[in-house]
Each structure stands twice: as C-alpha cells, then as structure tokens.
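Structure data follow from my_file-v7.txt (compact mmCIF, C-alpha atoms):
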# COMPACT_ATOMS: atom_id res chain seq x y z
CA MET O 197 -57.21 59.87 -86.67
CA ASN O 198 -55.90 56.38 -87.34
CA ILE O 199 -55.24 53.10 -85.55
CA LYS O 200 -51.56 53.88 -84.99
CA GLN O 201 -52.41 57.13 -83.21
CA LEU O 202 -54.81 55.25 -80.92
CA GLU O 203 -52.05 52.77 -80.13
CA VAL O 204 -49.78 55.70 -79.23
CA LEU O 205 -52.45 57.08 -76.89
CA ARG O 206 -52.90 53.69 -75.19
CA THR O 207 -49.16 53.21 -74.78
CA LEU O 208 -48.56 56.74 -73.46
CA LEU O 209 -51.29 56.27 -70.88
CA ALA O 210 -49.58 53.05 -69.79
CA THR O 211 -45.98 54.30 -69.78
CA GLY O 212 -46.24 58.04 -69.08
CA SER O 213 -43.41 59.12 -71.42
CA THR O 214 -42.62 59.34 -75.12
CA ILE O 215 -39.27 57.59 -74.55
CA ALA O 216 -40.89 54.56 -72.93
CA ALA O 217 -43.73 54.54 -75.48
CA ALA O 218 -41.26 54.67 -78.37
CA LYS O 219 -39.30 51.75 -76.92
CA THR O 220 -42.46 49.70 -76.36
CA MET O 221 -43.79 50.31 -79.85
CA GLY O 222 -40.47 50.06 -81.67
CA LEU O 223 -40.70 53.66 -82.92
CA SER O 224 -38.56 56.77 -82.60
CA GLN O 225 -39.36 59.25 -79.86
CA SER O 226 -39.94 61.96 -82.45
CA GLY O 227 -42.34 59.64 -84.29
CA VAL O 228 -44.38 59.10 -81.13
CA SER O 229 -44.44 62.85 -80.45
CA ARG O 230 -45.60 63.62 -84.00
CA MET O 231 -48.45 61.10 -83.83
CA LEU O 232 -49.56 62.47 -80.45
CA GLN O 233 -49.57 66.02 -81.78
CA GLN O 234 -51.54 64.96 -84.85
CA LEU O 235 -54.09 63.12 -82.70
CA GLU O 236 -54.56 66.17 -80.50
CA GLN O 237 -55.07 68.30 -83.60
CA ASP O 238 -57.55 65.85 -85.10
CA LEU O 239 -59.56 65.74 -81.87
CA SER O 240 -59.06 69.43 -81.02
CA ILE O 241 -58.32 68.33 -77.45
CA THR O 242 -55.19 68.50 -75.31
CA LEU O 243 -54.50 64.98 -74.16
CA PHE O 244 -51.33 65.48 -72.13
CA ALA O 245 -49.93 68.38 -70.16
CA ARG O 246 -46.16 68.82 -70.53
CA ASP O 247 -44.30 69.36 -67.27
CA LYS O 248 -40.48 69.38 -67.33
CA GLY O 249 -40.29 66.65 -69.90
CA ARG O 250 -43.04 64.57 -68.34
CA LEU O 251 -46.44 63.89 -69.84
CA ILE O 252 -49.42 64.16 -67.55
CA ALA O 253 -52.68 62.74 -68.89
CA THR O 254 -55.64 65.10 -68.89
CA PRO O 255 -59.08 63.90 -67.74
CA GLU O 256 -60.08 63.96 -71.41
CA ALA O 257 -57.19 61.63 -72.31
CA LEU O 258 -58.27 59.18 -69.60
CA ALA O 259 -61.87 59.24 -70.89
CA LEU O 260 -60.85 58.82 -74.53
CA GLY O 261 -58.36 56.14 -73.53
CA HIS O 262 -61.28 53.82 -72.74
CA ASP O 263 -62.72 54.42 -76.22
CA ALA O 264 -59.31 53.84 -77.80
CA GLU O 265 -58.95 50.56 -75.90
CA ASN O 266 -62.36 49.33 -77.09
CA ILE O 267 -61.58 50.25 -80.69
CA LEU O 268 -58.20 48.53 -80.57
CA LEU O 269 -59.74 45.41 -79.04
CA ALA O 270 -62.30 45.36 -81.85
CA VAL O 271 -59.51 45.72 -84.43
CA ASP O 272 -57.63 42.85 -82.80
CA ARG O 273 -60.76 40.70 -82.92
CA MET O 274 -61.27 41.56 -86.58
CA SER O 275 -57.64 40.75 -87.41
CA SER O 276 -57.95 37.46 -85.54
CA HIS O 277 -61.18 36.62 -87.37
CA ALA O 278 -59.55 37.43 -90.72
CA GLU O 279 -56.66 35.12 -89.86
CA ASP O 280 -59.14 32.37 -88.99
CA LEU O 281 -60.86 32.86 -92.35
CA ARG O 282 -57.53 32.70 -94.18
CA SER O 283 -56.39 29.62 -92.32
CA GLY O 284 -59.70 27.80 -92.41
CA ALA O 285 -60.29 27.83 -88.66
CA SER O 286 -63.62 29.53 -89.42
CA GLY O 287 -65.54 30.54 -92.47
CA PRO O 288 -69.01 30.47 -94.02
CA ASP O 289 -71.36 27.96 -92.43
CA ILE O 290 -71.37 25.81 -95.56
CA VAL O 291 -69.74 25.46 -98.97
CA ARG O 292 -71.65 23.61 -101.69
CA ILE O 293 -70.14 21.84 -104.70
CA GLY O 294 -71.69 19.99 -107.62
CA LEU O 295 -69.94 16.97 -109.16
CA PRO O 296 -70.84 14.35 -111.77
CA SER O 297 -72.25 11.16 -110.30
CA SER O 298 -69.19 9.19 -111.41
CA MET O 299 -66.96 11.13 -109.00
CA TRP O 300 -68.63 10.15 -105.74
CA GLU O 301 -66.81 6.90 -105.03
CA ASN O 302 -63.10 7.76 -104.99
CA PHE O 303 -62.54 11.25 -106.32
CA ALA O 304 -64.74 13.25 -103.94
CA PRO O 305 -63.53 11.58 -100.70
CA ALA O 306 -59.88 12.04 -101.71
CA MET O 307 -60.52 15.70 -102.56
CA LEU O 308 -62.21 16.37 -99.22
CA VAL O 309 -59.64 14.71 -96.95
CA ASP O 310 -57.03 17.46 -97.30
CA TYR O 311 -59.63 20.21 -97.59
CA ILE O 312 -61.31 19.36 -94.30
CA ARG O 313 -57.94 19.16 -92.60
CA ALA O 314 -57.19 22.73 -93.75
CA PHE O 315 -60.72 24.09 -93.20
CA PRO O 316 -62.09 22.29 -90.15
CA GLY O 317 -64.69 24.97 -89.42
CA VAL O 318 -66.46 24.66 -92.78
CA ARG O 319 -69.32 22.28 -93.53
CA ILE O 320 -69.45 20.88 -97.08
CA GLU O 321 -72.49 19.80 -99.04
CA THR O 322 -71.93 17.72 -102.17
CA PHE O 323 -74.41 17.41 -105.04
CA PHE O 324 -73.91 14.58 -107.56
CA GLU O 325 -75.79 15.53 -110.69
CA SER O 326 -75.72 15.67 -114.48
CA THR O 327 -74.05 18.51 -116.37
CA THR O 328 -77.47 20.05 -117.10
CA ALA O 329 -78.48 19.93 -113.43
CA ILE O 330 -75.14 21.35 -112.24
CA ASN O 331 -75.47 24.22 -114.71
CA LYS O 332 -78.89 25.00 -113.28
CA LEU O 333 -77.73 24.76 -109.66
CA VAL O 334 -74.81 27.14 -110.30
CA GLY O 335 -77.01 29.61 -112.18
CA GLU O 336 -79.52 29.66 -109.32
CA ARG O 337 -76.66 29.98 -106.80
CA VAL O 338 -77.75 26.84 -104.97
CA ILE O 339 -74.14 25.65 -105.15
CA ASP O 340 -70.94 27.69 -105.08
CA ILE O 341 -69.01 25.73 -107.71
CA GLY O 342 -69.72 22.86 -110.06
CA PHE O 343 -67.53 20.54 -112.10
CA LEU O 344 -69.09 19.63 -115.44
CA ARG O 345 -68.49 18.54 -119.01
CA MET O 346 -68.33 21.56 -121.30
CA GLU O 347 -71.16 20.87 -123.74
CA GLY O 348 -72.35 23.81 -125.85
CA GLU O 349 -73.18 27.16 -124.29
CA THR O 350 -73.85 27.88 -120.64
CA GLY O 351 -76.30 30.39 -119.26
CA PRO O 352 -75.43 34.12 -119.20
CA GLY O 353 -75.04 34.10 -115.42
CA ILE O 354 -72.39 31.37 -115.35
CA VAL O 355 -68.62 31.48 -115.79
CA VAL O 356 -66.87 28.21 -116.69
CA ASP O 357 -63.09 27.82 -116.53
CA LYS O 358 -61.61 24.81 -118.30
CA VAL O 359 -59.72 22.64 -115.82
CA ALA O 360 -59.41 19.23 -117.50
CA SER O 361 -59.78 17.34 -120.76
CA GLY O 362 -59.95 13.78 -121.98
CA THR O 363 -60.20 11.69 -125.13
CA SER O 364 -62.41 8.76 -126.06
CA VAL O 365 -61.14 5.38 -124.87
CA CYS O 366 -62.46 1.86 -124.94
CA VAL O 367 -62.45 0.26 -121.50
CA VAL O 368 -62.08 -3.53 -121.60
CA PRO O 369 -61.39 -6.29 -119.07
CA LYS O 370 -57.67 -6.95 -118.59
CA ASP O 371 -57.90 -10.46 -120.00
CA HIS O 372 -60.09 -9.54 -122.99
CA PRO O 373 -58.67 -10.17 -126.51
CA LEU O 374 -59.22 -6.48 -127.32
CA ALA O 375 -56.67 -5.60 -124.63
CA GLU O 376 -53.99 -6.82 -127.06
CA LEU O 377 -54.79 -4.02 -129.52
CA GLU O 378 -53.03 -0.63 -129.43
CA THR O 379 -56.16 1.18 -130.61
CA ILE O 380 -59.78 0.13 -130.98
CA SER O 381 -62.30 1.26 -133.61
CA ALA O 382 -65.98 0.61 -134.19
CA LYS O 383 -65.11 -2.21 -136.59
CA ASP O 384 -63.20 -3.99 -133.81
CA LEU O 385 -66.39 -3.98 -131.74
CA ARG O 386 -68.59 -5.88 -134.18
CA ASN O 387 -70.58 -8.51 -132.19
CA VAL O 388 -68.88 -7.38 -128.95
CA PRO O 389 -71.27 -6.75 -126.00
CA LEU O 390 -71.27 -3.02 -125.19
CA VAL O 391 -71.94 -1.08 -122.00
CA LEU O 392 -72.96 2.39 -123.15
CA ILE O 393 -73.99 5.54 -121.32
CA GLY O 394 -75.63 8.86 -122.07
CA ARG O 395 -78.42 7.83 -124.42
CA GLN O 396 -79.83 10.85 -126.29
CA ARG O 397 -76.94 13.04 -125.14
CA PRO O 398 -74.64 14.76 -127.70
CA ASN O 399 -71.60 12.56 -127.03
CA ARG O 400 -73.61 9.36 -127.26
CA MET O 401 -75.28 10.46 -130.46
CA ALA O 402 -71.86 11.25 -131.98
CA LEU O 403 -70.66 7.77 -130.95
CA ASP O 404 -73.73 6.14 -132.53
CA GLN O 405 -72.95 8.00 -135.75
CA GLN O 406 -69.39 6.62 -135.71
CA PHE O 407 -70.73 3.08 -135.61
CA ALA O 408 -73.22 3.86 -138.37
CA ARG O 409 -70.48 5.30 -140.61
CA ALA O 410 -68.38 2.19 -140.00
CA GLY O 411 -71.34 0.00 -140.94
CA VAL O 412 -71.30 -1.72 -137.55
CA LYS O 413 -74.48 -2.54 -135.68
CA GLN O 414 -74.00 -1.95 -131.98
CA MET O 415 -74.55 -4.91 -129.69
CA VAL O 416 -75.65 -2.96 -126.63
CA LYS O 417 -75.85 -5.28 -123.66
CA ILE O 418 -76.27 -2.69 -120.89
CA GLU O 419 -77.45 0.92 -120.95
CA THR O 420 -76.29 2.85 -117.89
CA HIS O 421 -76.03 6.44 -116.78
CA THR O 422 -72.72 6.82 -114.96
CA ASN O 423 -69.13 6.25 -115.99
CA SER O 424 -68.45 4.55 -112.67
CA SER O 425 -71.13 1.91 -113.24
CA ALA O 426 -69.90 1.38 -116.80
CA CYS O 427 -66.37 0.65 -115.54
CA ALA O 428 -67.72 -1.62 -112.81
CA TYR O 429 -69.74 -3.63 -115.35
CA VAL O 430 -66.69 -3.94 -117.60
CA ALA O 431 -64.63 -5.16 -114.64
CA GLN O 432 -67.17 -7.97 -114.16
CA GLY O 433 -66.83 -9.05 -117.79
CA LEU O 434 -70.29 -7.85 -118.80
CA GLY O 435 -69.03 -6.01 -121.89
CA VAL O 436 -66.76 -3.18 -122.99
CA SER O 437 -67.47 0.52 -122.77
CA ILE O 438 -66.47 3.73 -124.54
CA ILE O 439 -66.02 6.71 -122.24
CA SER O 440 -63.74 9.70 -121.72
CA SER O 441 -60.21 8.94 -120.55
CA PHE O 442 -60.82 11.48 -117.80
CA TYR O 443 -63.35 9.16 -116.14
CA ALA O 444 -61.53 5.98 -117.08
CA ASN O 445 -58.50 7.27 -115.16
CA LEU O 446 -60.61 7.45 -111.99
CA TYR O 447 -61.18 3.67 -112.11
CA ARG O 448 -57.73 2.33 -112.87
CA HIS O 449 -57.90 0.36 -109.63
CA LEU O 450 -60.40 -1.99 -111.31
CA PRO O 451 -59.20 -4.98 -113.39
CA VAL O 452 -59.69 -3.09 -116.66
CA VAL O 453 -57.48 -1.43 -119.26
CA GLN O 454 -58.18 1.44 -121.60
CA ARG O 455 -57.23 1.77 -125.25
CA PRO O 456 -57.67 4.82 -127.51
CA PHE O 457 -60.97 4.62 -129.40
CA VAL O 458 -60.41 5.89 -132.94
CA PRO O 459 -61.13 8.25 -134.48
CA GLN O 460 -60.64 9.98 -131.14
CA ALA O 461 -62.97 12.66 -129.83
CA ARG O 462 -61.95 15.22 -127.21
CA GLN O 463 -63.93 16.14 -124.12
CA ASP O 464 -63.34 19.31 -122.09
CA PHE O 465 -64.34 19.75 -118.47
CA GLY O 466 -64.74 22.99 -116.55
CA LEU O 467 -65.39 24.50 -113.17
CA ALA O 468 -68.54 26.62 -113.14
CA ARG O 469 -69.45 29.47 -110.80
CA ALA O 470 -71.99 32.26 -110.80
CA ALA O 471 -70.86 35.32 -112.76
CA GLY O 472 -70.40 38.52 -110.78
CA PHE O 473 -70.21 36.83 -107.37
CA PRO O 474 -66.68 36.29 -106.00
CA LEU O 475 -66.07 33.04 -104.18
CA SER O 476 -65.42 33.05 -100.45
CA ILE O 477 -61.94 32.04 -99.31
CA ALA O 478 -63.37 28.67 -98.25
CA ALA O 479 -65.11 28.08 -101.60
CA GLN O 480 -61.99 29.10 -103.52
CA ALA O 481 -59.95 26.70 -101.43
CA LEU O 482 -62.38 23.90 -102.30
CA SER O 483 -62.01 24.83 -105.97
CA ASP O 484 -58.23 24.61 -105.58
CA ALA O 485 -58.54 21.24 -103.81
CA LEU O 486 -60.67 19.91 -106.68
CA GLN O 487 -58.10 21.00 -109.24
CA ARG O 488 -55.26 19.41 -107.27
CA GLN O 489 -57.20 16.15 -107.11
CA ILE O 490 -57.83 16.34 -110.85
CA GLN O 491 -54.10 16.55 -111.47
CA LEU O 492 -53.44 13.60 -109.17
CA SER O 493 -56.19 11.47 -110.70
CA GLN O 494 -54.97 12.03 -114.26
CA LYS O 495 -51.31 11.17 -113.64
CA ILE O 496 -50.22 8.07 -115.47
Can you give me the file's structure in the form of structure tokens?
Amino acid sequence: MNIKQLEVLRTLLATGSTIAAAKTMGLSQSGVSRMLQQLEQDLSITLFARDKGRLIATPEALALGHDAENILLAVDRMSSHAEDLRSGASGPDIVRIGLPSSMWENFAPAMLVDYIRAFPGVRIETFFESTTAINKLVGERVIDIGFLRMEGETGPGIVVDKVASGTSVCVVPKDHPLAELETISAKDLRNVPLVLIGRQRPNRMALDQQFARAGVKQMVKIETHTNSSACAYVAQGLGVSIISSFYANLYRHLPVVQRPFVPQARQDFGLARAAGFPLSIAAQALSDALQRQIQLSQKI
C-alpha cells in the first residue's frame, strides 16, 4: 500500500468511475485500475463492486476512505511543513553562531539582514568570543557554528572548514608618513607608537620575535584585545597597528590605509561545527550567509 493508491481510493470515491478518476489525477484509466486492484490485494478487501462498467463503493471502502483521507491530509501537512523548512518560513526555534568580537559592528549585521529576510521564522543568537572560547562552545554544542582563526589543532569533536585567509598588514592613518610606503617592516616602525593586540597569543608572540630579530624595540602605546578597537584607535591617530588583512578589510570605511607588513605572515580562518551532527537547513543557510558576507567584505 502506498500514497498513490490511497489517492486513487479517495478520487474513486469522489468520482465513481475509473475514467473520471484517471482524468482528475492525470493518469491512464488502466493505471487507475491497476492501482485499485493492487490496493484491494494488499488489504485483502473488495473496495468496489463492478456493475456494468460502474464502480459501486462497498461499506468497507467508505470506512477506509475516512482513514485514507486522514493519512493524505497528514502527508499534505508534512509536505507543507517541509516546504516551510526549506523556504525559511519555519524552522528550529533558534540558531546559534559564534563570531570573533571584531565582527560585531558591521559584519554581523550585514550578514543577518539577508538571512532574516529569507528565514523569518528563525531566532538567531550571536556569541562574540575568542577563538578558544568559540572552539569550546562548538565542542559542547552550545552553538551550531563558529567562525574562528585556525590556530593549531582543534578538539576531536570539531570539524573546521577553511573559508577565508589573510596576510599581515600595517594599518596607519591616511595622512601618516608611513602611508607613502609600499610595504612596511619592523625597522620602519622604530619609535612609532603601536597599537597591538593579542598579548601572549601565538600570532602576537611571532610578531614580537620579528621586532626582536630586526633589533627594534617596540613602542607600544596601547594594548587592546579586538581588531575593531585597534583600527578605531589608529583612525584617531593614536598609533599604528599590525593585524590580519582579513580584519583590516572590515574597517576600510575608517580614515586608515593598510600596507603589507613584511615579512608577511598568513592567517587562515575557518567555520567550525560539531563532528557527527549535521546542521539543520536553517543553520546551514546561516553558514552560507556568513560565507557570502566574507566574500563581499574581502572584495577590493
């Protein structure tokens, strides 16, 4: 017994003939007759008496017709619900995403504008955390997906797909003398006030080593902990900063310019999710929206 056979039963009860049923369903008369015969065999019940080419419903057919109608209504509801899930009209109660703190101001709102338009029935919760914290939140399945810098190994329960990369750049005010240079090195930054981030983190320690190898003592004016604040301080003339071009590209609206910091280091960024747990349609769509916004933000 299958859904199509139940549809044949419902249509035959409504029309009273295989010819009319075939026309209604867009099938051949022989096809309708075959499905009726198969349904009767599957149920071991005669559903229609044949009388001079007419079909007369048996009491059993009328009783089972109610069951068929309920089943078909349930199938219609399920199909409608599936369409709502695909289109975003409904979905899980909430989708959670983790992002670095530097992405809250411009990136996250732009990403969510189109997403919410496509998935109006989904509530979103955003977490702005460090790479370490996002790793932990993904591993514990507190959040569905997390964007993070790929630093070393992740936990065994996490899958990270690379979605972006950047290189080290020096961010300087537009009217700063360093803006005239094509590239900037540690030696160019001797006695220049610096705005640095990530103290005691691997990338910061590698940067400190570059200055040490160049024999340049850093003149650190401000220590901060987000790329966004570093760019904002630079825009106010408080110093120059060295960050990934990925983040610098998010703040091109500020009165700053970026120049390659040599020798250049590369940074990779990935999208993390819990291993072995497929994303919902809504969560996958948010992942896709994030990747689209990444592409837009990195266009030059």
Atom-to-atom span, CA of Ile438 (chain O) and CA of Ser298 (chain O), Å = 14.5 Å
Which residues come within 6 Å of region 327-343 of chain O, counting all atoms listed in the file, excluding same-chain residues fewer than 2 positions away, as a PyMOL selection string?
-> chain O and resi 292-295+325+353-354+466-470
Go ahead and write the residues just picked, C-alpha atoms, as a PDB file, keeping the file's coordinate frame.
ATOM      1  CA  ARG O 292     -71.650  23.610-101.690  1.00  0.00           C
ATOM      2  CA  ILE O 293     -70.140  21.840-104.700  1.00  0.00           C
ATOM      3  CA  GLY O 294     -71.690  19.990-107.620  1.00  0.00           C
ATOM      4  CA  LEU O 295     -69.940  16.970-109.160  1.00  0.00           C
ATOM      5  CA  GLU O 325     -75.790  15.530-110.690  1.00  0.00           C
ATOM      6  CA  GLY O 353     -75.040  34.100-115.420  1.00  0.00           C
ATOM      7  CA  ILE O 354     -72.390  31.370-115.350  1.00  0.00           C
ATOM      8  CA  GLY O 466     -64.740  22.990-116.550  1.00  0.00           C
ATOM      9  CA  LEU O 467     -65.390  24.500-113.170  1.00  0.00           C
ATOM     10  CA  ALA O 468     -68.540  26.620-113.140  1.00  0.00           C
ATOM     11  CA  ARG O 469     -69.450  29.470-110.800  1.00  0.00           C
ATOM     12  CA  ALA O 470     -71.990  32.260-110.800  1.00  0.00           C
TER      13      ALA O 470
END
For CA of Val367 (chain O) and CA of Gln491 (chain O), the interatomic separation in Å (one decimal) | 20.9 Å
Separating CA of Glu347 (chain O) from CA of Ser441 (chain O), to the nearest tenth of an Å, is a gap of 16.5 Å
Go through O:Ile477, O:Ile380, O:Ala375, O:Ala471 one by one, measure the shortest atom-to-atom distance of each to Val356 (chain O) using only C-alpha atoms, and give the residue with the smallest value.
->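 With only C-alpha atoms as the atom set, the closest residue is O:Ala471.
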Per-residue nearest contacts region 298-397 of chain O to region 407-410 of chain O, cut-off 12 Å, using all atoms listed in the file, as JSON lines:
{"residue": "O:Ser381", "atom": "CA", "partner": "O:Phe407", "partner_atom": "CA", "distance": 8.9}
{"residue": "O:Ala382", "atom": "CA", "partner": "O:Phe407", "partner_atom": "CA", "distance": 5.5}
{"residue": "O:Lys383", "atom": "CA", "partner": "O:Ala410", "partner_atom": "CA", "distance": 6.5}
{"residue": "O:Asp384", "atom": "CA", "partner": "O:Ala410", "partner_atom": "CA", "distance": 10.2}
{"residue": "O:Leu385", "atom": "CA", "partner": "O:Phe407", "partner_atom": "CA", "distance": 9.1}
{"residue": "O:Arg386", "atom": "CA", "partner": "O:Phe407", "partner_atom": "CA", "distance": 9.3}
Which residues, written as a PyMOL selection string, have at least one atom at most 12 Å from region 222-234 of chain O, with all atoms listed in the file counted and residues fewer than 5 positions away on the same chain left out?
-> chain O and resi 197-209+213-217+239-246+249+251+253+257
Can you take the partial region 411-422 of chain O, add all heavy atoms, and return it as a CSV table (one decimal), in the coordinates of the input?
chain,number,residue,atom,x,y,z
O,411,GLY,N,-70.5,1.1,-140.5
O,411,GLY,CA,-71.3,0.0,-140.9
O,411,GLY,C,-71.4,-1.1,-139.9
O,411,GLY,O,-71.6,-2.3,-140.3
O,412,VAL,N,-71.3,-0.7,-138.6
O,412,VAL,CA,-71.3,-1.7,-137.6
O,412,VAL,C,-72.6,-1.5,-136.7
O,412,VAL,O,-72.8,-0.4,-136.2
O,412,VAL,CB,-70.0,-1.6,-136.6
O,412,VAL,CG1,-70.1,-2.6,-135.5
O,412,VAL,CG2,-68.8,-1.8,-137.5
O,413,LYS,N,-73.3,-2.6,-136.6
O,413,LYS,CA,-74.5,-2.5,-135.7
O,413,LYS,C,-74.0,-2.8,-134.2
O,413,LYS,O,-73.4,-3.8,-133.9
O,413,LYS,CB,-75.5,-3.6,-136.1
O,413,LYS,CG,-76.8,-3.5,-135.3
O,413,LYS,CD,-77.8,-4.6,-135.7
O,413,LYS,CE,-79.0,-4.5,-134.9
O,413,LYS,NZ,-80.0,-5.5,-135.3
O,414,GLN,N,-74.4,-1.8,-133.4
O,414,GLN,CA,-74.0,-2.0,-132.0
O,414,GLN,C,-74.7,-3.1,-131.3
O,414,GLN,O,-75.9,-3.3,-131.5
O,414,GLN,CB,-74.3,-0.7,-131.2
O,414,GLN,CG,-73.6,0.6,-131.7
O,414,GLN,CD,-74.1,1.8,-131.0
O,414,GLN,OE1,-75.2,1.9,-130.6
O,414,GLN,NE2,-73.2,2.8,-131.0
O,415,MET,N,-74.0,-3.8,-130.5
O,415,MET,CA,-74.6,-4.9,-129.7
O,415,MET,C,-74.6,-4.4,-128.2
O,415,MET,O,-73.7,-4.8,-127.4
O,415,MET,CB,-73.7,-6.2,-129.8
O,415,MET,CG,-74.3,-7.4,-129.1
O,415,MET,SD,-73.2,-8.8,-129.3
O,415,MET,CE,-73.9,-10.0,-128.2
O,416,VAL,N,-75.6,-3.6,-128.0
O,416,VAL,CA,-75.6,-3.0,-126.6
O,416,VAL,C,-76.2,-4.0,-125.6
O,416,VAL,O,-77.4,-4.4,-125.7
O,416,VAL,CB,-76.5,-1.7,-126.7
O,416,VAL,CG1,-76.5,-1.0,-125.3
O,416,VAL,CG2,-75.9,-0.7,-127.7
O,417,LYS,N,-75.4,-4.3,-124.7
O,417,LYS,CA,-75.8,-5.3,-123.7
O,417,LYS,C,-76.4,-4.6,-122.5
O,417,LYS,O,-77.4,-5.0,-121.9
O,417,LYS,CB,-74.6,-6.1,-123.2
O,417,LYS,CG,-75.0,-7.3,-122.3
O,417,LYS,CD,-75.7,-8.4,-123.1
O,417,LYS,CE,-76.0,-9.6,-122.2
O,417,LYS,NZ,-76.7,-10.6,-123.0
O,418,ILE,N,-75.8,-3.4,-122.1
O,418,ILE,CA,-76.3,-2.7,-120.9
O,418,ILE,C,-76.3,-1.2,-121.2
O,418,ILE,O,-75.3,-0.7,-121.7
O,418,ILE,CB,-75.4,-2.9,-119.7
O,418,ILE,CG1,-75.3,-4.4,-119.3
O,418,ILE,CG2,-75.8,-2.1,-118.5
O,418,ILE,CD1,-74.4,-4.7,-118.1
O,419,GLU,N,-77.4,-0.5,-120.9
O,419,GLU,CA,-77.4,0.9,-121.0
O,419,GLU,C,-77.3,1.4,-119.5
O,419,GLU,O,-78.0,0.9,-118.6
O,419,GLU,CB,-78.8,1.4,-121.5
O,419,GLU,CG,-79.0,1.1,-123.0
O,419,GLU,CD,-78.4,2.2,-123.9
O,419,GLU,OE1,-77.8,3.1,-123.3
O,419,GLU,OE2,-78.6,2.1,-125.1
O,420,THR,N,-76.4,2.3,-119.3
O,420,THR,CA,-76.3,2.8,-117.9
O,420,THR,C,-76.1,4.4,-117.9
O,420,THR,O,-76.1,5.0,-119.0
O,420,THR,CB,-75.1,2.2,-117.2
O,420,THR,OG1,-75.1,2.5,-115.8
O,420,THR,CG2,-73.8,2.6,-117.8
O,421,HIS,N,-76.0,5.0,-116.8
O,421,HIS,CA,-76.0,6.4,-116.8
O,421,HIS,C,-74.9,7.1,-116.0
O,421,HIS,O,-74.9,8.3,-115.8
O,421,HIS,CB,-77.4,6.9,-116.2
O,421,HIS,CG,-78.5,6.5,-117.0
O,421,HIS,ND1,-78.9,7.0,-118.2
O,421,HIS,CD2,-79.4,5.4,-116.9
O,421,HIS,CE1,-79.9,6.4,-118.8
O,421,HIS,NE2,-80.2,5.4,-117.9
O,422,THR,N,-73.9,6.3,-115.6
O,422,THR,CA,-72.7,6.8,-115.0
O,422,THR,C,-71.5,6.1,-115.5
O,422,THR,O,-71.5,4.9,-115.8
O,422,THR,CB,-72.7,6.7,-113.4
O,422,THR,OG1,-72.7,5.3,-113.1
O,422,THR,CG2,-74.0,7.3,-112.8
